[in-house]
Amino acid sequence: MQIGRCSIALLIVLSGSTGCGPLPDPRAVYSGDLQSPVFLGARALSPTSIEIAFHEPIRVNAEEYSCTPEATITSVSADDTVVTVDLAEPMVAGTEYLLVGGARDASDNSMKFITKLFGFNPDVPRLRINEFTTRGSGNHPDAVELRVESDGNLAGVSVYDGTPNSWTERKILPSVQVTAGAYVVVHFRPQGTTEEVDETANPQESGGLDANESAWDYWVLGGNGLPGNNGAITVCASPGGDILDAVLYSNRTSSSDERYSGFGSRRVLEQAEFLVERGAWTAEDAQVRPEDAVNPDDSTGTRSICRRAGEDTNARGDWYIVPTRGASFGAANTDEEYER
């Protein structure tokens with residue numbers, strides 16, 4: 001939330017004719033800076049350091065700043081458009097914090113803000129989307145499987161239905177130490193049963209549909225599933241953080257719709273452009289098209305979309321659909337491919 005305030009006194013002197021006429025434009029009387037600093041975002045740079053960005057150079061008052069829970073601020077400093085907040089103790093990796101602060105620009109326009117951020121995780125593992133379903137059934141709901149490529153901690157890793165700038169649902173993973181070769185399954189359409197537990201101690205804690213005793217299972221609370229035909233899945237190191245992996249899928253074509261390059265909605269087009277601009281997906285031409293995406297048409301709840309072994313070119317060719325009953329969430333993908 002952002003709160004701005006600015007107080008200006010204007011004195012307008014009328015001269016000449018005493019008849020009625022249009023009042024002068026106030027902008028002609030006062031042409032100074034009327035805009036409060038714009039808060040652009042905050043992120044943890046290290047376990048004990050937070051960075052805050054503004055759109056213009058600013059000044060700060062350290063007494064306006066606080067961070068909870070249990071985060072003692074030792075210093076607040078401004079360098080041009082960036083504010084650095086130093087903490088006495090390390091933040092807990094992946095834990096949500098509430099930061100309150102303010103800023104003032106050279107014209108003395110001020111603002112205050114309240115924002116959420118997450119404790120810095122210095123040990124994020126390499127993760128790869130390995131399998132997913134967007135057309136799940138009642139017995140096999142939508143899910144996304146991640147394969148762990150290096151040892152690390154999952155704290156704060158975020159899996160999006162969409163992209164960090166445009167998403168419908170996301171799952172922020174808890175602090176769990178994982179090893180290379182392990183599998184993480186995020187269930188996007190849970191049933192709401194008591195068995196559906198986010199696993200933090202061992203991968204056998206959770207039950208529920210398609211839970212796997214050999215994988216780490218996590219559930220999107222109140223999730224309604226992934227879009228069946230047209231969308232994106234993105235994995236980030238933290239909420240809004242660096243992209244670790246992504247996949248774009250669509251059953252549309254460039255001629256499906258004259259608008260939005262054939263994607264059918266501005267939202268999906270913007271998600272596709274976001275991933276291409278950040279090198280997380282590949283487009284054959286300057287403008288990303290539905291033909292660049294993975295086509296989910298032949299997939300079902302048991303015919304999942306899987307990554308080819310060893311492939312990671314951020315392109316549709318990395319993916320294939322397995323035969324009926326070939327879905328293998330929490331285990332290695334089958335090499336068999338679906339044939340019509």
# chains A, B, ... in the order shown; residues from 1 in each chain; ligands from 1

call {"tool": "select_by_dssp", "arguments": {"residues": "range 111-241 of chain A", "states": "strand (DSSP E or B)", "output": "ChimeraX atom specification"}}
result
/A:111-118,127-133,143-148,152-153,158-163,166-172,177-178,183-187,216-219,230-236

call {"tool": "residues_around", "arguments": {"residues": "range 251-255 of chain A", "least_positions_apart": "2", "cutoff": "6 Å", "atoms": "only C-alpha atoms", "output": "list in words"}}
result
Asn229, Asp257, Ser261, Gly262, Pro290, Glu291 and Asn295 of chain A

call {"tool": "residues_around", "arguments": {"residues": "Ala293 in chain A", "least_positions_apart": "6", "cutoff": "10 Å", "atoms": "only C-alpha atoms", "output": "ChimeraX atom specification"}}
result
/A:230-232,247-253,272,281-283,314-317,319

call {"tool": "write_last_selection", "arguments": {"atoms": "N, CA and C atoms", "output": "PDB file, in the first residue's frame"}}
result
ATOM      1  N   ASN A 230      -4.621 -22.689 -22.258  1.00  0.00           N
ATOM      2  CA  ASN A 230      -3.888 -21.490 -22.625  1.00  0.00           C
ATOM      3  C   ASN A 230      -3.318 -20.840 -21.378  1.00  0.00           C
ATOM      4  N   GLY A 231      -2.000 -20.911 -21.164  1.00  0.00           N
ATOM      5  CA  GLY A 231      -1.457 -20.300 -19.956  1.00  0.00           C
ATOM      6  C   GLY A 231       0.036 -20.499 -19.821  1.00  0.00           C
ATOM      7  N   ALA A 232       0.532 -20.196 -18.632  1.00  0.00           N
ATOM      8  CA  ALA A 232       1.955 -20.317 -18.336  1.00  0.00           C
ATOM      9  C   ALA A 232       2.132 -20.819 -16.912  1.00  0.00           C
ATOM     10  N   VAL A 247       7.201 -22.676 -18.381  1.00  0.00           N
ATOM     11  CA  VAL A 247       6.673 -23.328 -19.581  1.00  0.00           C
ATOM     12  C   VAL A 247       5.440 -22.557 -20.043  1.00  0.00           C
ATOM     13  N   LEU A 248       5.342 -22.355 -21.336  1.00  0.00           N
ATOM     14  CA  LEU A 248       4.196 -21.696 -21.961  1.00  0.00           C
ATOM     15  C   LEU A 248       3.418 -22.745 -22.730  1.00  0.00           C
ATOM     16  N   TYR A 249       2.092 -22.772 -22.576  1.00  0.00           N
ATOM     17  CA  TYR A 249       1.284 -23.768 -23.301  1.00  0.00           C
ATOM     18  C   TYR A 249       0.053 -23.106 -23.908  1.00  0.00           C
ATOM     19  N   SER A 250      -0.361 -23.616 -25.066  1.00  0.00           N
ATOM     20  CA  SER A 250      -1.537 -23.079 -25.744  1.00  0.00           C
ATOM     21  C   SER A 250      -1.972 -24.024 -26.858  1.00  0.00           C
ATOM     22  N   ASN A 251      -3.281 -24.164 -27.038  1.00  0.00           N
ATOM     23  CA  ASN A 251      -3.804 -24.953 -28.151  1.00  0.00           C
ATOM     24  C   ASN A 251      -4.330 -24.046 -29.261  1.00  0.00           C
ATOM     25  N   ARG A 252      -3.993 -22.765 -29.200  1.00  0.00           N
ATOM     26  CA  ARG A 252      -4.458 -21.805 -30.187  1.00  0.00           C
ATOM     27  C   ARG A 252      -3.407 -21.628 -31.291  1.00  0.00           C
ATOM     28  N   THR A 253      -3.742 -20.851 -32.310  1.00  0.00           N
ATOM     29  CA  THR A 253      -2.815 -20.532 -33.390  1.00  0.00           C
ATOM     30  C   THR A 253      -2.865 -19.026 -33.640  1.00  0.00           C
ATOM     31  N   ALA A 272       3.188 -14.475 -22.001  1.00  0.00           N
ATOM     32  CA  ALA A 272       4.114 -15.024 -22.990  1.00  0.00           C
ATOM     33  C   ALA A 272       5.246 -14.042 -23.278  1.00  0.00           C
ATOM     34  N   TRP A 281      11.608 -18.320 -22.062  1.00  0.00           N
ATOM     35  CA  TRP A 281      10.930 -19.068 -23.125  1.00  0.00           C
ATOM     36  C   TRP A 281      11.436 -18.544 -24.458  1.00  0.00           C
ATOM     37  N   THR A 282      11.322 -19.370 -25.490  1.00  0.00           N
ATOM     38  CA  THR A 282      11.877 -19.025 -26.797  1.00  0.00           C
ATOM     39  C   THR A 282      10.774 -18.854 -27.830  1.00  0.00           C
ATOM     40  N   ALA A 283      10.873 -17.778 -28.624  1.00  0.00           N
ATOM     41  CA  ALA A 283       9.963 -17.535 -29.733  1.00  0.00           C
ATOM     42  C   ALA A 283      10.745 -17.573 -31.033  1.00  0.00           C
ATOM     43  N   ASN A 314      14.085 -24.204 -23.315  1.00  0.00           N
ATOM     44  CA  ASN A 314      12.997 -23.232 -23.116  1.00  0.00           C
ATOM     45  C   ASN A 314      12.125 -23.122 -24.364  1.00  0.00           C
ATOM     46  N   ALA A 315      11.819 -24.264 -24.960  1.00  0.00           N
ATOM     47  CA  ALA A 315      11.029 -24.283 -26.180  1.00  0.00           C
ATOM     48  C   ALA A 315      10.076 -25.479 -26.177  1.00  0.00           C
ATOM     49  N   ARG A 316       9.083 -25.445 -27.056  1.00  0.00           N
ATOM     50  CA  ARG A 316       8.050 -26.474 -27.095  1.00  0.00           C
ATOM     51  C   ARG A 316       8.621 -27.861 -27.388  1.00  0.00           C
ATOM     52  N   GLY A 317       9.747 -27.914 -28.103  1.00  0.00           N
ATOM     53  CA  GLY A 317      10.336 -29.204 -28.448  1.00  0.00           C
ATOM     54  C   GLY A 317      10.861 -29.988 -27.260  1.00  0.00           C
ATOM     55  N   TRP A 319       9.147 -30.863 -24.829  1.00  0.00           N
ATOM     56  CA  TRP A 319       8.011 -31.491 -24.158  1.00  0.00           C
ATOM     57  C   TRP A 319       7.286 -32.502 -25.032  1.00  0.00           C
TER      58      TRP A 319
END

call {"tool": "atom_distance", "arguments": {"atom1": "CA of Glu277 in chain A", "atom2": "CA of Val148 in chain A"}}
result
25.1 Å

call {"tool": "atom_distance", "arguments": {"atom1": "CA of Ser150 in chain A", "atom2": "CA of Val235 in chain A"}}
result
15.3 Å

call {"tool": "closest_residue", "arguments": {"among": "A:Val288, A:Ala71, A:Ala332, A:Ala246", "to": "Thr163 in chain A", "atoms": "only C-alpha atoms"}}
result
A:Ala246

call {"tool": "residues_around", "arguments": {"residues": "Ser175 in chain A", "least_positions_apart": "6", "cutoff": "9 Å", "atoms": "only C-alpha atoms", "output": "list in words"}}
result
Ala93, Gly94, Thr95, Asn153, Leu154, Ala155, Gly156 and Thr200 of chain A

call {"tool": "residues_around", "arguments": {"residues": "Ala180 in chain A", "least_positions_apart": "5", "cutoff": "9 Å", "atoms": "only C-alpha atoms", "output": "ChimeraX atom specification"}}
result
/A:125-126,147-152

call {"tool": "write_last_selection", "arguments": {"atoms": "N, CA and C atoms", "output": "PDB file, in the first residue's frame"}}
result
ATOM      1  N   PRO A 125      17.835 -24.309  -4.473  1.00  0.00           N
ATOM      2  CA  PRO A 125      18.335 -25.349  -5.386  1.00  0.00           C
ATOM      3  C   PRO A 125      17.988 -25.022  -6.832  1.00  0.00           C
ATOM      4  N   ARG A 126      18.681 -25.642  -7.770  1.00  0.00           N
ATOM      5  CA  ARG A 126      18.250 -25.573  -9.166  1.00  0.00           C
ATOM      6  C   ARG A 126      17.026 -26.478  -9.313  1.00  0.00           C
ATOM      7  N   ARG A 147      11.607 -31.216 -10.675  1.00  0.00           N
ATOM      8  CA  ARG A 147      12.731 -32.092 -10.367  1.00  0.00           C
ATOM      9  C   ARG A 147      13.846 -31.245  -9.771  1.00  0.00           C
ATOM     10  N   VAL A 148      14.406 -31.701  -8.640  1.00  0.00           N
ATOM     11  CA  VAL A 148      15.484 -30.988  -7.963  1.00  0.00           C
ATOM     12  C   VAL A 148      16.804 -31.349  -8.640  1.00  0.00           C
ATOM     13  N   GLU A 149      17.504 -30.339  -9.155  1.00  0.00           N
ATOM     14  CA  GLU A 149      18.743 -30.570  -9.894  1.00  0.00           C
ATOM     15  C   GLU A 149      19.994 -30.362  -9.050  1.00  0.00           C
ATOM     16  N   SER A 150      19.848 -29.755  -7.871  1.00  0.00           N
ATOM     17  CA  SER A 150      20.988 -29.578  -6.969  1.00  0.00           C
ATOM     18  C   SER A 150      20.468 -29.476  -5.543  1.00  0.00           C
ATOM     19  N   ASP A 151      21.306 -29.814  -4.577  1.00  0.00           N
ATOM     20  CA  ASP A 151      20.914 -29.720  -3.173  1.00  0.00           C
ATOM     21  C   ASP A 151      20.581 -28.266  -2.820  1.00  0.00           C
ATOM     22  N   GLY A 152      19.665 -28.092  -1.864  1.00  0.00           N
ATOM     23  CA  GLY A 152      19.325 -26.740  -1.433  1.00  0.00           C
ATOM     24  C   GLY A 152      18.095 -26.719  -0.563  1.00  0.00           C
TER      25      GLY A 152
END

call {"tool": "atom_distance", "arguments": {"atom1": "CA of Gly101 in chain A", "atom2": "CA of Gln35 in chain A"}}
result
17.8 Å

call {"tool": "closest_residue", "arguments": {"among": "A:Val186, A:Ala237, A:Tyr160, A:Ala309", "to": "Ala215 in chain A", "atoms": "only C-alpha atoms"}}
result
A:Val186

call {"tool": "closest_residue", "arguments": {"among": "A:Thr302, A:Thr72, A:Asn224, A:Ser36", "to": "Ser107 in chain A", "atoms": "only C-alpha atoms"}}
result
A:Ser36

call {"tool": "residues_around", "arguments": {"residues": "range 80-83 of chain A", "least_positions_apart": "4", "cutoff": "6 Å", "atoms": "only C-alpha atoms", "output": "list in words"}}
result
Glu51, Ile52, Ala53, Phe54, Glu56 and Pro57 of chain A

call {"tool": "closest_residue", "arguments": {"among": "A:Pro37, A:Gly207, A:Gly279, A:Gly330", "to": "Asp105 in chain A", "atoms": "only C-alpha atoms"}}
result
A:Pro37

call {"tool": "residues_around", "arguments": {"residues": "Pro203 in chain A", "least_positions_apart": "3", "cutoff": "9 Å", "atoms": "only C-alpha atoms", "output": "PyMOL selection string"}}
result
chain A and resi 199-200+206+212-217

call {"tool": "closest_residue", "arguments": {"among": "A:Arg59, A:Arg170, A:Arg289, A:Arg259", "to": "Ser110 in chain A", "atoms": "only C-alpha atoms"}}
result
A:Arg59
